[in-house]
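Down below is the structure, laid out as structure tokens.
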Amino acid sequence: MNNGLKERLEEAFPHATVTATTETEYITAAGKESVLSILAYLKDTGFDHLALVSCVDWIDEKEFEIVYVLSPYMKDNTTLSGEEKTNVIVKARIPRDNPAFQTVTHIFENAEPYERELHELFGIHFVGHKRLIPLFLERAYEVPPFRKDFDTRQYVKDVFDNIPTIEGSKK
Amino acid sequence: MDRNQLGKWLKQPAKMANKYSLNAVYFCTGCGIIEIPPVITARWDAERFGVIPVATPRQGNLFMITGYVSLKTLRAIIRTYEQMPDPKYTVGFGSCPINGGMYWDSYNTIKHLDKYIPVDGWIAGCMPRPEAVFIAVTHLWTLIDKDMANGYVRYREQYAQYRKNQETLFGKLDWPPLYATGGKAQKGQQ
């Protein structure tokens, strides 16, 4: 039965490559155009829980890889058999210069804070996101701090080490 | 009761009262806060030392920074510290407030807490055991006796420097200065 989902995915999306890493996990690498339809398809299939949206910085290949982790809620799920209740990881690559991607908030509403996080930490612009404002950070960074070319040590030297100690505090 | 201490107590009763009723602000930051529940509950029972947690900074006079301090936490720490009434004592708990600890090259964690608020004592370790809290408390008693736990005095005297350091990180702070920061006004007062 486990092959059922893989074959169905391959049949519906011939351009996507589906790999089974373990028995309970699939990786679907897709072009950036088909990500929305894959996510919508998976949501209809029963993978209605978007557990995580993350990003990988492939600096040598000059690409960002956006990662969506989906899993079904076990309860009240009739479309999937027990063995098919797995995790599905959907990956898509976008170019690293002026990175922009379409939002998935209209499919999964809970993607909103994740996309804000990626916008803040990787500098990816999500087209169609309604509230793309800072989430965690207090300071403005020239290079978004989770990119590989962000030099944390230099940043620490420039910012934190340049703050003087309070004179006379060693009294 | 130690009768030898009696003369000292009668000389400065307020100091004795401060010493044996350290009310710790319930402020959680970082991973060190996991050591505080055993400290205040039956296993180690901090009330033997007069340390009890209180709910609001207005009631507290002991402030333990229990772990790494991110920028957002630092903002809350400064606000909490400024709300506490004098005399107030700050203790940095764990290695992260001392010099950043394992977050020494992090982009969003401050490295030296004493650049932003005055700290009276440090507890080193990652993590310190609950016993270390009591060593720190008894040490703090000695410091209070000798007038060396004077962080709140230093904060008042060097407020301009502290405020400047805080504003270097945050830009303009959205609350007014606690004390006068103008250089000329301070000279006039002296």
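So you can find residues: chains in the structure tokens are A, B, ... in the order shown, residues in each start at 1, and ligands are numbered from 1 in order.
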
Can I get the residues of chain B within 8 Å of chain A, each with the closest pair of atoms and their distance in Å to one decimal, using only C-alpha atoms, sorted chain first then ascending number, as a Markdown table?
```
| residue | atom | partner | partner_atom | distance |
| --- | --- | --- | --- | --- |
| B:Leu71 | CA | A:Glu138 | CA | 6.5 |
| B:Lys72 | CA | A:Glu138 | CA | 6.4 |
| B:Asp105 | CA | A:Arg153 | CA | 5.4 |
| B:Ser106 | CA | A:Thr152 | CA | 6.3 |
| B:Tyr107 | CA | A:Thr152 | CA | 5.7 |
| B:Asn108 | CA | A:Leu137 | CA | 7.7 |
| B:Ile110 | CA | A:Phe160 | CA | 6.8 |
| B:Lys111 | CA | A:Phe160 | CA | 6.9 |
| B:Asp114 | CA | A:Thr165 | CA | 7.5 |
| B:Lys115 | CA | A:Thr165 | CA | 5.2 |
| B:Pro118 | CA | A:Ser169 | CA | 7.8 |
| B:Arg154 | CA | A:Ser169 | CA | 7.3 |
| B:Gln158 | CA | A:Ile166 | CA | 7.8 |
| B:Gln161 | CA | A:Ile166 | CA | 6.6 |
| B:Tyr162 | CA | A:Ile166 | CA | 7.1 |
| B:Asn165 | CA | A:Ile163 | CA | 6.3 |
| B:Thr168 | CA | A:Ile163 | CA | 7.6 |
| B:Leu169 | CA | A:Arg139 | CA | 7.6 |
| B:Phe170 | CA | A:Arg139 | CA | 6.9 |
```

| said: as a ChimeraX atom specification, please: the residues near Phe27 in chain B (cut-off 8 Å, only C-alpha atoms, same-chain neighbours under 4 positions excluded). | reply: /B:63-65

Can those selected residues be exported to a file as a tab-separated table (two decimals), in the first residue's frame so that it contains N, CA and C atoms?
```tsv
chain	number	residue	atom	x	y	z
B	63	PHE	N	17.16	39.88	41.44
B	63	PHE	CA	16.87	39.64	40.03
B	63	PHE	C	17.89	38.65	39.52
B	64	MET	N	17.44	37.44	39.21
B	64	MET	CA	18.37	36.44	38.68
B	64	MET	C	18.17	36.31	37.17
B	65	ILE	N	19.23	36.53	36.43
B	65	ILE	CA	19.17	36.37	34.98
B	65	ILE	C	19.62	34.94	34.70
```

| message | Which residues are near Val88 in chain A? Cut-off 12 Å, only C-alpha atoms, ignore same chain within fewer than 4 positions. Put them as a PyMOL selection string. | response | chain A and resi 5-6+9+18-29+38-39+42-43+45-52+67-72+84

Dump as a compact mmCIF listing (two decimals), in the first residue's frame, selection limited to C-alpha atoms:
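Printed below is part-v3.txt as written:
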```txt
# COMPACT_ATOMS: atom_id res chain seq x y z
CA LEU A 5 0.85 7.33 -2.59
CA LYS A 6 4.15 7.53 -4.42
CA LEU A 9 1.93 11.53 -6.83
CA VAL A 18 9.30 11.44 -5.59
CA THR A 19 11.84 9.68 -3.40
CA ALA A 20 11.14 7.50 -0.44
CA THR A 21 13.85 8.07 2.16
CA THR A 22 12.46 5.76 4.80
CA GLU A 23 9.28 3.78 5.04
CA THR A 24 7.52 6.67 6.66
CA GLU A 25 8.85 9.59 4.69
CA TYR A 26 8.68 10.84 1.12
CA ILE A 27 10.57 13.65 -0.46
CA THR A 28 8.92 15.39 -3.38
CA ALA A 29 11.19 17.72 -5.28
CA ILE A 38 1.13 19.66 -5.10
CA LEU A 39 0.32 21.15 -1.72
CA LEU A 42 -1.77 16.63 -0.77
CA LYS A 43 -4.16 18.58 1.41
CA THR A 45 -5.48 13.58 -0.02
CA GLY A 46 -5.48 13.98 3.74
CA PHE A 47 -2.16 15.62 4.52
CA ASP A 48 -3.91 18.52 6.17
CA HIS A 49 -1.23 19.42 8.69
CA LEU A 50 1.59 21.69 7.58
CA ALA A 51 4.16 20.99 10.25
CA LEU A 52 6.96 23.22 9.07
CA VAL A 67 10.94 22.92 2.40
CA TYR A 68 7.39 22.10 3.37
CA VAL A 69 6.82 19.25 5.81
CA LEU A 70 3.33 17.78 5.73
CA SER A 71 1.76 15.08 7.82
CA PRO A 72 -1.81 13.86 8.22
CA GLU A 84 0.13 5.61 4.26
```

| message | Run DSSP on the backbone and tell me which residues of range 30-189 of chain B come out as strand (DSSP E); list them as a PyMOL selection string. | response | chain B and resi 52-54+62-65+89-93+121-123

| said: Which residues are near Pro134 in chain A? Cut-off 9 Å, only C-alpha atoms, ignore same chain within fewer than 6 positions. Put them as number ranges by chain. | reply: A: 116-117, 119-120

| task | Select from chain A everything DSSP, run on the backbone, classes as alpha helix (DSSP H), then give the selection as a PyMOL selection string. | result | chain A and resi 2-12+35-45+111-121+152-159

Print the selection's residues with N, CA and C atoms to a file, as a short mmCIF file (atom, residue, chain, number, x, y, z; two decimals), in the first residue's frame.
```
data_model
loop_
_atom_site.label_atom_id
_atom_site.label_comp_id
_atom_site.auth_asym_id
_atom_site.auth_seq_id
_atom_site.Cartn_x
_atom_site.Cartn_y
_atom_site.Cartn_z
N ASN A 2 2.07 1.11 0.54
CA ASN A 2 2.91 2.30 0.68
C ASN A 2 3.26 2.91 -0.67
N ASN A 3 3.35 2.04 -1.67
CA ASN A 3 3.69 2.57 -2.99
C ASN A 3 2.54 3.36 -3.59
N GLY A 4 1.36 3.13 -3.08
CA GLY A 4 0.20 3.78 -3.66
C GLY A 4 0.34 5.28 -3.74
N LEU A 5 0.74 5.87 -2.63
CA LEU A 5 0.85 7.33 -2.59
C LEU A 5 1.92 7.83 -3.54
N LYS A 6 3.06 7.12 -3.54
CA LYS A 6 4.15 7.53 -4.42
C LYS A 6 3.71 7.49 -5.89
N GLU A 7 3.07 6.39 -6.24
CA GLU A 7 2.64 6.28 -7.64
C GLU A 7 1.58 7.31 -7.99
N ARG A 8 0.68 7.55 -7.05
CA ARG A 8 -0.34 8.55 -7.32
C ARG A 8 0.28 9.92 -7.53
N LEU A 9 1.27 10.22 -6.70
CA LEU A 9 1.93 11.53 -6.83
C LEU A 9 2.65 11.65 -8.17
N GLU A 10 3.35 10.57 -8.53
CA GLU A 10 4.10 10.61 -9.79
C GLU A 10 3.16 10.72 -10.98
N GLU A 11 2.01 10.07 -10.84
CA GLU A 11 1.06 10.11 -11.94
C GLU A 11 0.46 11.52 -12.10
N ALA A 12 0.14 12.13 -10.95
CA ALA A 12 -0.49 13.45 -11.03
C ALA A 12 0.51 14.53 -11.41
N VAL A 35 4.47 23.74 -6.98
CA VAL A 35 4.41 23.51 -5.53
C VAL A 35 3.00 23.74 -4.99
N LEU A 36 2.37 24.81 -5.47
CA LEU A 36 1.03 25.11 -4.96
C LEU A 36 0.06 23.98 -5.28
N SER A 37 0.14 23.47 -6.50
CA SER A 37 -0.81 22.41 -6.85
C SER A 37 -0.50 21.12 -6.11
N ILE A 38 0.79 20.86 -5.87
CA ILE A 38 1.13 19.66 -5.10
C ILE A 38 0.60 19.78 -3.68
N LEU A 39 0.79 20.97 -3.09
CA LEU A 39 0.32 21.15 -1.72
C LEU A 39 -1.20 21.04 -1.64
N ALA A 40 -1.88 21.63 -2.63
CA ALA A 40 -3.34 21.54 -2.62
C ALA A 40 -3.79 20.10 -2.79
N TYR A 41 -3.09 19.39 -3.70
CA TYR A 41 -3.42 17.98 -3.93
C TYR A 41 -3.21 17.16 -2.66
N LEU A 42 -2.07 17.40 -1.97
CA LEU A 42 -1.77 16.63 -0.77
C LEU A 42 -2.77 16.96 0.34
N LYS A 43 -3.20 18.23 0.38
CA LYS A 43 -4.16 18.58 1.41
C LYS A 43 -5.47 17.85 1.18
N ASP A 44 -5.87 17.73 -0.09
CA ASP A 44 -7.10 17.00 -0.38
C ASP A 44 -6.94 15.52 -0.09
N THR A 45 -5.72 14.99 -0.28
CA THR A 45 -5.48 13.58 -0.02
C THR A 45 -5.56 13.25 1.46
N ALA A 111 0.84 28.72 7.63
CA ALA A 111 2.14 29.03 7.03
C ALA A 111 2.52 30.49 7.26
N GLU A 112 1.59 31.29 7.76
CA GLU A 112 1.86 32.73 7.84
C GLU A 112 3.09 33.08 8.70
N PRO A 113 3.16 32.62 9.96
CA PRO A 113 4.35 32.96 10.73
C PRO A 113 5.63 32.35 10.17
N TYR A 114 5.52 31.16 9.57
CA TYR A 114 6.73 30.55 8.99
C TYR A 114 7.27 31.39 7.85
N GLU A 115 6.36 31.91 7.05
CA GLU A 115 6.83 32.71 5.92
C GLU A 115 7.37 34.05 6.39
N ARG A 116 6.77 34.58 7.45
CA ARG A 116 7.35 35.81 8.02
C ARG A 116 8.75 35.54 8.54
N GLU A 117 8.92 34.36 9.16
CA GLU A 117 10.23 34.00 9.69
C GLU A 117 11.25 33.90 8.56
N LEU A 118 10.87 33.23 7.46
CA LEU A 118 11.80 33.09 6.35
C LEU A 118 12.10 34.45 5.72
N HIS A 119 11.08 35.29 5.70
CA HIS A 119 11.30 36.63 5.16
C HIS A 119 12.32 37.39 5.99
N GLU A 120 12.25 37.18 7.31
CA GLU A 120 13.14 37.92 8.18
C GLU A 120 14.54 37.33 8.20
N LEU A 121 14.63 36.01 8.27
CA LEU A 121 15.93 35.38 8.49
C LEU A 121 16.65 35.06 7.18
N THR A 152 28.79 35.86 11.14
CA THR A 152 28.37 36.14 12.51
C THR A 152 29.52 36.69 13.35
N ARG A 153 30.72 36.14 13.15
CA ARG A 153 31.83 36.59 14.01
C ARG A 153 32.16 38.04 13.75
N GLN A 154 32.16 38.42 12.49
CA GLN A 154 32.42 39.82 12.17
C GLN A 154 31.32 40.71 12.74
N TYR A 155 30.09 40.22 12.67
CA TYR A 155 28.97 41.00 13.19
C TYR A 155 29.10 41.19 14.70
N VAL A 156 29.47 40.10 15.40
CA VAL A 156 29.65 40.20 16.84
C VAL A 156 30.76 41.20 17.17
N LYS A 157 31.85 41.13 16.38
CA LYS A 157 32.95 42.07 16.62
C LYS A 157 32.49 43.50 16.40
N ASP A 158 31.73 43.71 15.33
CA ASP A 158 31.33 45.07 14.99
C ASP A 158 30.32 45.64 15.98
N VAL A 159 29.40 44.81 16.43
CA VAL A 159 28.29 45.34 17.22
C VAL A 159 28.55 45.16 18.71
#
```

| Any idea what's packed within 8 Å of range 134-147 of chain B, counting only C-alpha atoms, ignoring anything in its chain fewer than 4 positions away? Could you give it as a list in words? | Lys15, Lys19, Ala46, Phe49, Gly121, Trp122, Ile123 and Pro130 of chain B

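From CA of Met102 in chain B back to CA of Lys88 in chain B, the distance works out to 28.3 Å.
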
| task | Mind checking which residues fall within 12 Å of range 79-83 of chain B, counting only C-alpha atoms, ignoring those fewer than 6 positions away in the same chain, and posting them as a PyMOL selection string? | result | chain B and resi 24-28+55-65+72-73+89-91+116-119+151-152+155-156+159+162-163+166+173-179

Restrict the selected residues to N, CA and C atoms and save them as a short mmCIF file (atom, residue, chain, number, x, y, z; two decimals), in the first residue's frame.
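Output below, filename again38.cif:
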```cif
data_model
loop_
_atom_site.label_atom_id
_atom_site.label_comp_id
_atom_site.auth_asym_id
_atom_site.auth_seq_id
_atom_site.Cartn_x
_atom_site.Cartn_y
_atom_site.Cartn_z
N ALA B 24 12.85 37.17 45.02
CA ALA B 24 13.37 37.02 43.66
C ALA B 24 12.24 37.24 42.66
N VAL B 25 12.51 38.05 41.66
CA VAL B 25 11.51 38.28 40.62
C VAL B 25 11.38 37.01 39.78
N TYR B 26 10.15 36.63 39.55
CA TYR B 26 9.91 35.45 38.71
C TYR B 26 10.13 35.85 37.26
N PHE B 27 11.33 35.84 36.82
CA PHE B 27 11.62 36.24 35.45
C PHE B 27 12.41 35.10 34.82
N CYS B 28 11.86 34.51 33.78
CA CYS B 28 12.49 33.34 33.19
C CYS B 28 13.18 33.74 31.90
N ALA B 55 5.71 37.81 42.35
CA ALA B 55 5.09 37.84 41.04
C ALA B 55 5.48 39.07 40.24
N THR B 56 5.66 40.20 40.87
CA THR B 56 5.88 41.42 40.11
C THR B 56 7.21 42.04 40.49
N PRO B 57 7.83 42.77 39.56
CA PRO B 57 9.10 43.42 39.88
C PRO B 57 8.96 44.49 40.96
N ARG B 58 7.75 45.04 41.15
CA ARG B 58 7.59 46.08 42.17
C ARG B 58 7.76 45.52 43.57
N GLN B 59 7.64 44.21 43.74
CA GLN B 59 7.78 43.61 45.07
C GLN B 59 9.15 43.00 45.26
N GLY B 60 9.94 42.91 44.20
CA GLY B 60 11.15 42.12 44.28
C GLY B 60 12.39 42.95 44.56
N ASN B 61 13.41 42.31 45.12
CA ASN B 61 14.70 42.99 45.22
C ASN B 61 15.86 42.10 44.79
N LEU B 62 15.57 40.89 44.32
CA LEU B 62 16.64 40.04 43.78
C LEU B 62 16.25 39.67 42.36
N PHE B 63 17.16 39.88 41.44
CA PHE B 63 16.87 39.64 40.03
C PHE B 63 17.89 38.65 39.52
N MET B 64 17.44 37.44 39.21
CA MET B 64 18.37 36.44 38.68
C MET B 64 18.17 36.31 37.17
N ILE B 65 19.23 36.53 36.43
CA ILE B 65 19.17 36.37 34.98
C ILE B 65 19.62 34.94 34.70
N LYS B 72 15.64 40.73 22.50
CA LYS B 72 14.27 40.97 22.92
C LYS B 72 14.13 40.78 24.42
N THR B 73 14.85 39.79 24.96
CA THR B 73 14.81 39.57 26.41
C THR B 73 15.48 40.71 27.14
N TYR B 89 19.25 43.77 43.85
CA TYR B 89 20.48 43.03 43.60
C TYR B 89 20.28 42.15 42.37
N THR B 90 21.28 42.14 41.51
CA THR B 90 21.21 41.33 40.29
C THR B 90 22.25 40.24 40.35
N VAL B 91 21.86 39.04 39.99
CA VAL B 91 22.80 37.93 39.94
C VAL B 91 22.70 37.30 38.56
N TYR B 116 24.94 46.47 30.17
CA TYR B 116 23.60 47.06 30.00
C TYR B 116 22.89 47.29 31.32
N ILE B 117 23.04 46.38 32.27
CA ILE B 117 22.54 46.64 33.62
C ILE B 117 23.65 46.23 34.59
N PRO B 118 23.69 46.84 35.77
CA PRO B 118 24.73 46.45 36.73
C PRO B 118 24.44 45.08 37.31
N VAL B 119 25.49 44.31 37.52
CA VAL B 119 25.35 42.96 38.07
C VAL B 119 26.18 42.87 39.33
N GLY B 151 24.98 47.58 43.05
CA GLY B 151 24.64 47.72 41.65
C GLY B 151 23.66 48.84 41.40
N TYR B 152 22.68 48.96 42.29
CA TYR B 152 21.66 49.98 42.06
C TYR B 152 22.23 51.38 42.23
N TYR B 155 24.12 52.02 39.06
CA TYR B 155 23.19 52.28 37.95
C TYR B 155 22.74 53.74 37.98
N ARG B 156 22.54 54.27 39.19
CA ARG B 156 22.11 55.66 39.29
C ARG B 156 23.25 56.59 38.89
N TYR B 159 24.23 56.15 35.01
CA TYR B 159 23.07 55.84 34.18
C TYR B 159 23.27 56.30 32.74
N TYR B 162 25.06 53.58 30.90
CA TYR B 162 24.20 52.39 30.67
C TYR B 162 23.18 52.69 29.59
N ARG B 163 22.55 53.86 29.70
CA ARG B 163 21.51 54.21 28.74
C ARG B 163 22.10 54.31 27.33
N GLN B 166 22.57 50.86 26.02
CA GLN B 166 21.28 50.26 25.65
C GLN B 166 20.79 50.83 24.34
N LEU B 173 15.06 54.12 22.66
CA LEU B 173 14.22 53.32 23.54
C LEU B 173 12.88 54.02 23.70
N ASP B 174 11.82 53.21 23.82
CA ASP B 174 10.50 53.81 23.85
C ASP B 174 10.00 54.04 25.28
N TRP B 175 10.92 54.22 26.23
CA TRP B 175 10.50 54.65 27.55
C TRP B 175 11.48 55.73 28.01
N PRO B 176 11.00 56.65 28.87
CA PRO B 176 11.87 57.76 29.27
C PRO B 176 13.00 57.30 30.18
N PRO B 177 14.08 58.06 30.25
CA PRO B 177 15.19 57.69 31.14
C PRO B 177 14.75 57.65 32.59
N LEU B 178 15.33 56.70 33.32
CA LEU B 178 14.97 56.56 34.74
C LEU B 178 15.57 57.69 35.56
N TYR B 179 16.82 58.01 35.28
CA TYR B 179 17.51 59.10 35.98
C TYR B 179 17.92 60.13 34.96
#
```

| note | Between A:Cys55, A:Ala100, A:Ile107, A:Ile89, smallest distance to Arg147 in chain A by only C-alpha atoms belongs to A:Cys55

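Between CA of Phe126 in chain A and CA of Ile94 in chain A the separation is 11.8 Å.
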